[in-house]
Structure formats: structure tokens, C-alpha cells
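What follows is a set of notes on a single structure, which appears directly below.
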Amino acid sequence: MMDNEPTYSDLEKKIRTLEKKMADLQISERHFRSIIEAAENVGFVLSDVQEPMPHITQFSSGAEKIFGYTRSEAIGRPFSILHRPENHPDYQAIHRRMRESGKGQGYLNEHLHSHKSGGKICLLSSSHPLFDANNNLQSVLVLYIDITRQKELEAQIRESHKMKALGTLAGGISHDFNNILGIIIGNTELALLDIMVSHETKHYLDEIHKASIRARNLVRQILTFSRQALPGHKPVDISLIVKESISLLKATIPSTIKIQSRFPSETDFILADASQIEQIVINLCVNAAQSMKDVFGTMDIGLDNVQMNDGLIENGFHLRPGRYVKLTVKDTGQGITPDDMQHIFDPYFTTKGLADHSGMGLSVVHGIVQNHKGAITVRSEKGQGAVFEVFFPSIEQVSRSPVKSDKTAPLNHGDECILFVDDEEAIGAFARDILEYLGYDVIIEKNPSKAFNLFQEKPDFFDLVITDMTMPEMTGIDLLKKIKQIRPNIPIILCTGYSDLIDEDKANDLGIAAYLVKPIETKDLSKVLRKVLDGDKSNENTL
């Protein structure tokens with residue numbers, strides 16, 4: 001035996017050392033695996049470095065939870081099953097950079113990924129290269145964290161901010177815009193009053209008037225839908241709300257979707273907040289439209305008066321026996337899966353992708369319906385569309401505004417003296433012409449301070465004061481308070497294009513005889529004037 005040859009004892013020691021190292025490695029591997037498996041909210045995926053697309057070699061239980069694949073389904077399959085096609089170049093580039101760099105640099109990404117069910121999930125991923133003893137890229141470990149819910153919450157917050165911004169913008173422009181519409185409507189009505197029925201230009205004036213009224217209603221719909229006011233439940237005719245909502249929808253949904261509506265000859269009244277009912281209608285219809293995105297489809301919207309005898313309706317919902325108004329929104333879209341049906345009214349739940357998320361979940365609709373002591377149900381099958389039904393308790397019949405137009409009804413006239421205050425000179429000009437046409441004596445003043453001084457000099461000269469709300473130097477509320485200090489029983493009509501400082505309830509609390517939202521049609525103004533001037537002034541509210 002040569003001196004430098006290892007003895008049996010030396011070989012035995014080396015074997016035992018190797019065995020110990022292997023045992024230590026096995027213990028470390030078990031510890032590593034236990035840590036990986038314990039991390040349920042983090043998915044660990046190990047892949048080889050095959051070209052052109054790596055294959056999955058390890059798949060943790062957290063990855064099973066995130067992607068929907070079992071370990072046996074994932075291992076051995078291409079790494080691309082976890083990614084959307086548009087993201088493949090990104091991950092191939094990461095693998096290439098890892099292979100070329102020869103360093104332990106990791107890469108952080110945020111992408112939409114594919115769930116086994118076909119749905120989209122948003123994941124934060126961290127890719128880490130693993131090298132062998134020769135510094136060759138051997139495998140890649142990717143850690144995934146599901147941030148889909150966080151992204152949905154962010155989308156909802158953005159949508160909430162968007163709606164708040166829309167409300168602020170709508171409120172900011174509506175005052176001036178309604179003043180402009182008021183000038184157009186007022187002068188058009190003056191022209192119509194001044195020409196013969198057979199005049200050749202009457203048709204054009206009628207069209208201008210109709211378009212201006214549509215513009216006025218559109219502004220009111222935007223303000224109603226975007227406002228953040230506290231709900232006030234009042235008797236409302238839900239058919240009017242649904243019809244206005246349909247008009248708004250027709251201007252926003254794709255022309256590939258046909259809207260069909262159905263209403264009874266007379267719909268029961270319900271006790272509700274009109275703006276929230278409109279939110280329900282708009283939301284259900286927008287959801288229906290999105291289910292028919294990029295395809296031809298039909299949306300059916302209907303109302304029915306129904307009698308609930310036992311109070312039991314679809315899906316086990318119970319209502320007190322009685323009379324209800326049923327709102328139905330039906331579509332021919334892609335339908336809802338059974339799994340989604342179980343969570344359709346859960347908070348933050350959505351079947352839409354992040355890009356299509358509208359921000360207002362059906363849980364909010366469900367909450368509004370419950371606040372109105374109603375119920376909402378849904379029937380659907382995948383690929384067969386969906387039917388939503390909402391039940392609202394009816395209330396005893398209240399006086400109903402006539403449905404037919406009263407354009408031909410005679411205007412109400414008078415001979416009293418009116419002080420009209422508005423800082424918009426053009427509004428004052430046509431107001432003088434309209435009020436004088438109706439027979440009144442009118443004094444127009446554009447400066448509220450001068451108007452007060454004029455009233456202070458002759459407090460008994462005027463029978464009525466009409467004032468704008470938003471004016472320089474002094475608001476309409478400030479003006480009416482000063483006027484009421486001199487003559488508490490003087491009837492005052494407050495007009496506004498839009499103001500967040502006043503609404504109908506606040507106006508009543510201030511003792512205002514009438515509260516009008518611009519633009520105001522002549523027929524409506526003539527009625528209000530007679531109602532206020534012919535009223536029992538001894539019963540008026542005073543400050």
C-alpha cells in the first residue's frame with residue numbers, strides 16, 4: 001500500500017460524513033417543504049429551464065389554491081398554463097436574462113394570470129433563479145401572491161372617487177348650464193306664444209323646445225345618479241323612474257343591444273328614495289349589458305303589480321303577504337355559473353374582469369332593496385342569460401300626475417306685483433316678458449343688495465318675491481331672511497339651477513312658499529304662481 005492511498009478507516013469516515021451531510025440536506029429540504037406548504041396564501045412553483053417553454057417540477061398547496069390546479073395536474077405541464085398568452089414573452093425574457101446573467105437576481109412582476117376555470121386573477125410574482133455548482137441556471141422558483149381582491153377594492157375606490165368627481169362636476173356645471181337652458185326654453189316658449197299655430201316656423205320651435213327639455217332631464221338624471229345625499233323615502237311612481245333610466249341607458253349602451261320595456265296601464269306607488277331606485281335600475285341594466293358585450297342581445301325591462309299571498313318567492317325569500325311592485329330585468333347574455341350564483345350578492349364579489357369592473361356590486365343593490373323592505377332574486381344558467389326580479393311593497397294609492405301632456409291647457413294669469421331677482425341679465429329679460437304676458441306687474445333686479453333696498457323702501461308694494469339662489473354678494477337664502485325680517489308673511493319663491501346649500505326640505509324649513517329647479521317651463525311657473533298667491537297667507541311659515 002502506498003503512503004498516499006486512503007485507508008479503509010479514512011474511507012469509512014468520508015462515507016459517514018457524506019451520510020451526515022445528506023441527512024442534514026434531507027432535514028433542510030423537509031423544513032423547506034414544510035415552510036412552503038404552510039404558506040397557504042403564497043404559491044410556490046418550481047420550473048426547469050427547458051426551451052422554448054419551461055415545465056413545472058414542483059407545485060405547492062398555496063399554488064393549488066391560487067390557480068385551481070392540483071399538484072398532479074400541474075407537475076410536468078408547460079409553465080405557460082399559469083399565464084395569459086400576452087404575458088408569455090415577459091416570462092420568456094425573464095428566463096433568458098436569468099440564464100445569461102449567471103447571477104442570483106430576482107424579478108418582481110404584477111400580471112393578470114389564468115385560473116383553471118378560465119377566469120382572470122391578478123398576481124404579484126417574484127422569480128428567483130437557482131444555479132448549480134458550475135453557475136449554470138438549473139431551475140426557477142416563482143412565488144405568487146393573489147392580489148385580485150385588493151385590485152377589486154382599488155377599482156371600487158376609484159369608481160367611488162369617479163362618481164364623487166362626477167357629482168362635483170355635474171353640480172359645478174349644472175347651475176350655468178340650466179341657466180342657459182332656461183334662456184333657450186323661455187325664449188322659445190315666448191316665440192311659440194307669439195306666433196300662429198299654422199306658422200311655418202312653429203315646427204322648428206317645437207323641436208327646439210323638446211330638445212331643450214330632454215337636455216334638462218338629462219342633467220337632472222346625472223345629478224340624481226351621482227349625488228351623495230342621504231336617502232329620503234317618499235311616495236314615488238316607479239314607472240317614471242324606470243322610463244327615465246331607460247332613456248339614459250339608450251344613450252350609453254351599445255346599439256347591438258335591443259331594449260324592450262313593458263309597463264302596466266297604472267303602476268302602484270312605492271315608498272322609496274327615487275335616486276336609490278334609479279341606482280338599482282341602472283346597475284341591473286348595466287350588468288345585463290355587460291353580459292352581452294360584443295354580441296347582439298336583448299334586454300327586457302318590465303314592471304308588474306303583484307299580490308303576494310303566502311309571501312314566499314324564488315330562492316326562499318320571504319315577504320309579508322300583500323301587494324308589491326315587481327321590477328324585472330332580463331337579458332340574453334352569457335348567464336351565471338352555479339358557483340357564482342352562490343356568491344352573487346356577497347360584498348366585493350364580481351364576475352367581471354378588472355378592466356370591466358363597474359365598482360358597484362350587487363351587494364349594494366341588495367342592501368338598498370332590503371332598506372326598502374323588499375327582496376331581490378335571480379334565475380340564470382350558464383349561456384342562457386339571467387333574470388333579476390326586485391319586489392317593492394306597494395302603498396295606498398296617492399294622487400297621480402296626469403300622464404298626458406297638458407301643453408294645450410290654458411296658462412294661469414294674474415295681476416299682482418312681483419319682484420324678480422336674478423343676476424343673469426338674459427334670464428331677467430325673458431322673465432319680464434313671460435310674467436307680463438301672464439298679466440303681472442314685474443320689477444326686475446339683478447343685484448340682490450339693490451333688490452333688498454328696493455323692498456325695504458316699499459315692503460307693501462310687492463305681492464311676491466322670486467329670487468335666484470346663487471348670486472354675487474348675497475345668496476337667495478340671505479336675501480329671503482332679510483326680507484322676512486321686514487315682512488314675515490311675504491310669499492317667496494326660490495329658484496336654483498343647482499346648489500348643494502338648498503333642497504326642498506331645507507326650503508320648507510325656511511318658510512319658502514315654493515322651491516323651483518331651473519329651467520322652468522311657462523306652464524309650470526304659471527301654476528306655481530297662482531298656487532302661492534291664492535294660498536292662505538295666514539298659514540305660511542315664518543322665521
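If you're wondering about the labels, chains in the C-alpha cells are A, B, ... by order shown, residues count from 1 in each chain, ligands from 1 in order shown.
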Item to check | DSSP helix (DSSP H, G or I) residues within region 130-269 of chain A, listed as a PyMOL selection string | outcome: chain A and resi 148-194+202-226+238-250
Next on the checklist: If you run DSSP on the backbone here, which positions in region 331-486 of chain A get strand (DSSP E)? Please write them as number ranges by chain.
Outcome noted: A: 331, 375-380, 386-393, 417-421, 441-445, 464-468
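Distance-wise, CA of Val517 (chain A) and CA of Asn187 (chain A) end up 17.6 Å apart.
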Item to check | Selection near region 173-186 of chain A, 9 Å with only C-alpha atoms, sequence-local residues under 3 positions removed, as a PyMOL selection string | outcome: chain A and resi 168-170+189-191+208-209+212-213+215-216+219-220+223+424+426-427+430-431+434+470+496-499+517-522
Dump as a short mmCIF file (atom, residue, chain, number, x, y, z; two decimals), in the first residue's frame, selection limited to N, CA and C atoms:
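So again_7.cif came out as:
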```
data_model
loop_
_atom_site.label_atom_id
_atom_site.label_comp_id
_atom_site.auth_asym_id
_atom_site.auth_seq_id
_atom_site.Cartn_x
_atom_site.Cartn_y
_atom_site.Cartn_z
N THR A 168 -69.51 66.23 -8.36
CA THR A 168 -68.96 67.58 -8.21
C THR A 168 -68.97 68.32 -9.53
N LEU A 169 -68.54 67.62 -10.59
CA LEU A 169 -68.52 68.24 -11.92
C LEU A 169 -69.93 68.59 -12.38
N ALA A 170 -70.86 67.64 -12.20
CA ALA A 170 -72.24 67.88 -12.62
C ALA A 170 -72.84 69.06 -11.87
N GLU A 189 -90.50 79.45 -25.75
CA GLU A 189 -91.91 79.47 -25.36
C GLU A 189 -92.54 80.83 -25.67
N LEU A 190 -91.76 81.90 -25.47
CA LEU A 190 -92.28 83.22 -25.85
C LEU A 190 -92.56 83.30 -27.33
N ALA A 191 -91.65 82.74 -28.13
CA ALA A 191 -91.85 82.75 -29.58
C ALA A 191 -93.07 81.93 -29.97
N ILE A 208 -86.97 72.61 -31.04
CA ILE A 208 -86.01 73.24 -30.12
C ILE A 208 -86.47 73.06 -28.68
N HIS A 209 -87.75 73.26 -28.44
CA HIS A 209 -88.31 73.15 -27.10
C HIS A 209 -88.18 71.71 -26.58
N SER A 212 -84.58 70.89 -25.74
CA SER A 212 -84.15 71.59 -24.52
C SER A 212 -84.69 70.89 -23.27
N ILE A 213 -85.91 70.40 -23.34
CA ILE A 213 -86.49 69.67 -22.20
C ILE A 213 -85.73 68.36 -21.99
N ALA A 215 -82.59 67.86 -22.71
CA ALA A 215 -81.32 68.25 -22.10
C ALA A 215 -81.49 68.54 -20.61
N ARG A 216 -82.57 69.22 -20.26
CA ARG A 216 -82.85 69.49 -18.84
C ARG A 216 -83.00 68.20 -18.05
N VAL A 219 -79.63 66.39 -17.47
CA VAL A 219 -78.85 67.00 -16.38
C VAL A 219 -79.40 66.53 -15.03
N ARG A 220 -80.70 66.50 -14.90
CA ARG A 220 -81.31 66.07 -13.63
C ARG A 220 -81.01 64.60 -13.35
N LEU A 223 -77.41 64.38 -12.10
CA LEU A 223 -77.32 64.87 -10.73
C LEU A 223 -77.91 63.87 -9.75
N GLU A 424 -78.47 86.93 -13.68
CA GLU A 424 -78.31 86.66 -15.11
C GLU A 424 -79.26 87.58 -15.88
N ALA A 426 -80.01 87.95 -19.05
CA ALA A 426 -80.88 87.35 -20.07
C ALA A 426 -82.08 86.65 -19.42
N ILE A 427 -81.87 86.05 -18.24
CA ILE A 427 -82.99 85.40 -17.54
C ILE A 427 -83.99 86.45 -17.08
N PHE A 430 -86.20 87.60 -20.21
CA PHE A 430 -87.34 86.77 -20.66
C PHE A 430 -88.33 86.56 -19.53
N ALA A 431 -87.87 86.63 -18.25
CA ALA A 431 -88.81 86.52 -17.12
C ALA A 431 -89.78 87.69 -17.14
N ILE A 434 -92.31 86.99 -19.95
CA ILE A 434 -93.26 85.92 -19.62
C ILE A 434 -94.25 86.37 -18.56
N THR A 470 -78.10 81.28 -6.28
CA THR A 470 -76.67 81.60 -6.35
C THR A 470 -76.47 82.93 -7.06
N THR A 496 -83.31 77.72 -8.38
CA THR A 496 -81.89 77.37 -8.45
C THR A 496 -81.62 76.49 -9.65
N GLY A 497 -80.47 76.71 -10.28
CA GLY A 497 -80.00 75.79 -11.32
C GLY A 497 -79.40 74.57 -10.69
N TYR A 498 -78.68 74.77 -9.60
CA TYR A 498 -78.16 73.70 -8.75
C TYR A 498 -77.43 74.36 -7.59
N SER A 499 -77.64 73.83 -6.39
CA SER A 499 -76.89 74.30 -5.23
C SER A 499 -76.89 73.19 -4.19
N VAL A 517 -86.65 74.26 -9.50
CA VAL A 517 -85.35 73.94 -10.10
C VAL A 517 -85.37 74.38 -11.55
N LYS A 518 -84.41 75.21 -11.93
CA LYS A 518 -84.30 75.68 -13.32
C LYS A 518 -83.87 74.53 -14.22
N PRO A 519 -84.17 74.62 -15.51
CA PRO A 519 -85.03 75.62 -16.15
C PRO A 519 -86.51 75.33 -15.90
N ILE A 520 -87.33 76.37 -15.88
CA ILE A 520 -88.75 76.24 -15.52
C ILE A 520 -89.60 76.55 -16.75
N GLU A 521 -90.51 75.66 -17.05
CA GLU A 521 -91.42 75.88 -18.18
C GLU A 521 -92.51 76.87 -17.78
N THR A 522 -93.02 77.62 -18.75
CA THR A 522 -94.02 78.66 -18.50
C THR A 522 -95.28 78.09 -17.85
#
```
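Among the candidate residues A:Asn305, A:Ser47, A:Asn412, A:Asn283, the one lying nearest to Thr267 (chain A) is A:Asn305, with distances computed using only C-alpha atoms.
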Please list as a PDB file with C-alpha atoms, in the first residue's frame every residue within 7 Å of region 50-66 of chain A, counting only C-alpha atoms and excluding residues in the same chain fewer than 3 positions away.
```pdb
ATOM      1  CA  ILE A  36     -43.665  26.180   1.642  1.00  0.00           C
ATOM      2  CA  GLU A  37     -46.717  24.052   2.382  1.00  0.00           C
ATOM      3  CA  ALA A  39     -47.711  29.307   3.401  1.00  0.00           C
ATOM      4  CA  GLU A  40     -51.311  28.915   2.154  1.00  0.00           C
ATOM      5  CA  ASN A  41     -51.537  32.459   0.835  1.00  0.00           C
ATOM      6  CA  VAL A  42     -48.309  32.192  -1.142  1.00  0.00           C
ATOM      7  CA  GLY A  43     -47.943  29.878  -4.119  1.00  0.00           C
ATOM      8  CA  PHE A  44     -44.517  28.337  -4.806  1.00  0.00           C
ATOM      9  CA  VAL A  45     -43.873  26.988  -8.289  1.00  0.00           C
ATOM     10  CA  LEU A  46     -40.566  25.420  -9.355  1.00  0.00           C
ATOM     11  CA  SER A  47     -39.826  25.012 -13.048  1.00  0.00           C
ATOM     12  CA  TYR A  69     -54.888  23.030 -10.428  1.00  0.00           C
ATOM     13  CA  THR A  70     -53.990  20.065  -8.227  1.00  0.00           C
ATOM     14  CA  ARG A  71     -50.318  19.192  -7.828  1.00  0.00           C
ATOM     15  CA  ALA A  74     -49.704  20.878 -12.774  1.00  0.00           C
ATOM     16  CA  ILE A  75     -46.412  18.988 -12.466  1.00  0.00           C
ATOM     17  CA  GLY A  76     -44.944  18.123 -15.856  1.00  0.00           C
ATOM     18  CA  ARG A  77     -47.106  20.571 -17.773  1.00  0.00           C
ATOM     19  CA  PRO A  78     -45.765  23.703 -19.522  1.00  0.00           C
ATOM     20  CA  PHE A  79     -45.231  26.706 -17.286  1.00  0.00           C
ATOM     21  CA  ASP A 146     -53.034  36.674  -5.123  1.00  0.00           C
TER      22      ASP A 146
END
```
Item to check | Shortest interatomic distance to Pro85 (chain A) - which of A:Val140, A:Val286, A:Leu112, A:Val364, counting only C-alpha atoms | outcome: A:Leu112
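Taking only C-alpha atoms into account, Pro488 (chain A) lies nearest to A:Ala513 out of the set A:Ile157, A:Ala513, A:Ile336, A:Ile81.
Put simply, CA of Ile195 (chain A) is 23.4 Å away from CA of Val442 (chain A).
Between Ile280 (chain A) and the residues A:Gly297, A:Gly428, A:Pro89, A:Gly367, the shortest atom-to-atom distance, using only C-alpha atoms, involves A:Gly367.
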Next on the checklist: Applying 9 Å and only C-alpha atoms, which residues near region 231-242 of chain A remain after dropping the ones on its own chain fewer than 6 positions away? List them as an MDAnalysis selection string.
Outcome noted: chainID A and resid 263:264 266:278 281:282 301:303 325 372 395 398 400
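The coordinates place CA of Gly439 (chain A) at 24.4 Å from CA of Leu480 (chain A).
Closest to Arg432 (chain A) among A:Leu479, A:Ile418, A:Ile493, A:Leu516 is A:Ile418, based on only C-alpha atoms.
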Checklist entry - Neighbours of Ile121 (chain A) within 10 Å (only C-alpha atoms; same-chain residues fewer than 2 positions away dropped), as a PyMOL selection string? => result chain A and resi 66-67+83-84+111-115+118-119+123+146-149+151+353-354
With C-alpha atoms retained, write the just-selected residues as a PDB file, in the first residue's frame.
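Result file follows (result-v3.pdb):
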```
ATOM      1  CA  ILE A  66     -54.390  30.235  -6.240  1.00  0.00           C
ATOM      2  CA  PHE A  67     -54.501  28.584  -9.673  1.00  0.00           C
ATOM      3  CA  HIS A  83     -50.027  32.695 -17.625  1.00  0.00           C
ATOM      4  CA  ARG A  84     -52.167  34.514 -20.094  1.00  0.00           C
ATOM      5  CA  HIS A 111     -49.743  40.468 -14.187  1.00  0.00           C
ATOM      6  CA  LEU A 112     -53.158  39.042 -14.952  1.00  0.00           C
ATOM      7  CA  HIS A 113     -52.960  35.229 -14.851  1.00  0.00           C
ATOM      8  CA  SER A 114     -55.238  32.364 -15.846  1.00  0.00           C
ATOM      9  CA  HIS A 115     -57.181  30.308 -13.327  1.00  0.00           C
ATOM     10  CA  GLY A 118     -60.733  30.240 -17.238  1.00  0.00           C
ATOM     11  CA  GLY A 119     -61.165  33.303 -15.044  1.00  0.00           C
ATOM     12  CA  LEU A 123     -50.993  38.057  -9.067  1.00  0.00           C
ATOM     13  CA  ASP A 146     -53.034  36.674  -5.123  1.00  0.00           C
ATOM     14  CA  ILE A 147     -53.890  40.404  -5.125  1.00  0.00           C
ATOM     15  CA  THR A 148     -57.138  40.112  -7.096  1.00  0.00           C
ATOM     16  CA  ARG A 149     -59.328  41.259  -4.203  1.00  0.00           C
ATOM     17  CA  LYS A 151     -57.242  45.245  -7.075  1.00  0.00           C
ATOM     18  CA  GLY A 353     -62.581  41.252 -15.154  1.00  0.00           C
ATOM     19  CA  LEU A 354     -60.645  44.075 -13.552  1.00  0.00           C
TER      20      LEU A 354
END
```
Item to check | Residue neighbourhood Phe452 (chain A), 10 Å, only C-alpha atoms, exclusion window fewer than 2 positions, as a ChimeraX atom specification | outcome: /A:419,421,445,447-450,454-459,479-480,482-483
Can I get the selected residues back with N, CA and C atoms, as a compact mmCIF listing (two decimals), in the first residue's frame?
```txt
# COMPACT_ATOMS: atom_id res chain seq x y z
N LEU A 419 -91.53 91.06 -7.50
CA LEU A 419 -90.12 91.45 -7.53
C LEU A 419 -89.31 90.22 -7.93
N VAL A 421 -85.61 88.63 -8.85
CA VAL A 421 -84.20 88.89 -8.60
C VAL A 421 -83.36 87.76 -9.19
N GLU A 445 -84.57 92.96 -10.91
CA GLU A 445 -83.34 93.48 -10.31
C GLU A 445 -82.29 92.38 -10.33
N ASN A 447 -79.14 92.80 -8.97
CA ASN A 447 -78.28 92.89 -7.79
C ASN A 447 -79.11 92.64 -6.54
N PRO A 448 -78.82 91.58 -5.75
CA PRO A 448 -79.64 91.26 -4.59
C PRO A 448 -79.65 92.36 -3.52
N SER A 449 -78.54 93.07 -3.36
CA SER A 449 -78.50 94.16 -2.37
C SER A 449 -79.44 95.29 -2.77
N LYS A 450 -79.41 95.64 -4.05
CA LYS A 450 -80.32 96.68 -4.54
C LYS A 450 -81.77 96.21 -4.44
N LEU A 454 -84.73 98.08 -2.41
CA LEU A 454 -85.99 98.41 -3.07
C LEU A 454 -87.17 97.88 -2.27
N PHE A 455 -87.07 96.66 -1.77
CA PHE A 455 -88.15 96.07 -0.97
C PHE A 455 -88.28 96.81 0.36
N GLN A 456 -87.14 97.20 0.94
CA GLN A 456 -87.15 97.89 2.22
C GLN A 456 -87.87 99.24 2.12
N GLU A 457 -87.73 99.88 0.97
CA GLU A 457 -88.38 101.17 0.75
C GLU A 457 -89.90 101.01 0.60
N LYS A 458 -90.33 99.92 -0.07
CA LYS A 458 -91.77 99.71 -0.33
C LYS A 458 -92.16 98.27 0.02
N PRO A 459 -92.14 97.89 1.31
CA PRO A 459 -92.40 96.49 1.67
C PRO A 459 -93.81 96.01 1.34
N LEU A 479 -81.00 86.72 1.17
CA LEU A 479 -81.96 87.74 0.76
C LEU A 479 -83.32 87.50 1.38
N LEU A 480 -83.81 86.27 1.32
CA LEU A 480 -85.15 86.00 1.85
C LEU A 480 -85.21 86.18 3.36
N LYS A 482 -83.52 88.40 5.11
CA LYS A 482 -83.58 89.83 5.36
C LYS A 482 -84.96 90.39 5.01
N ILE A 483 -85.54 89.86 3.91
CA ILE A 483 -86.88 90.30 3.52
C ILE A 483 -87.91 89.88 4.56
```
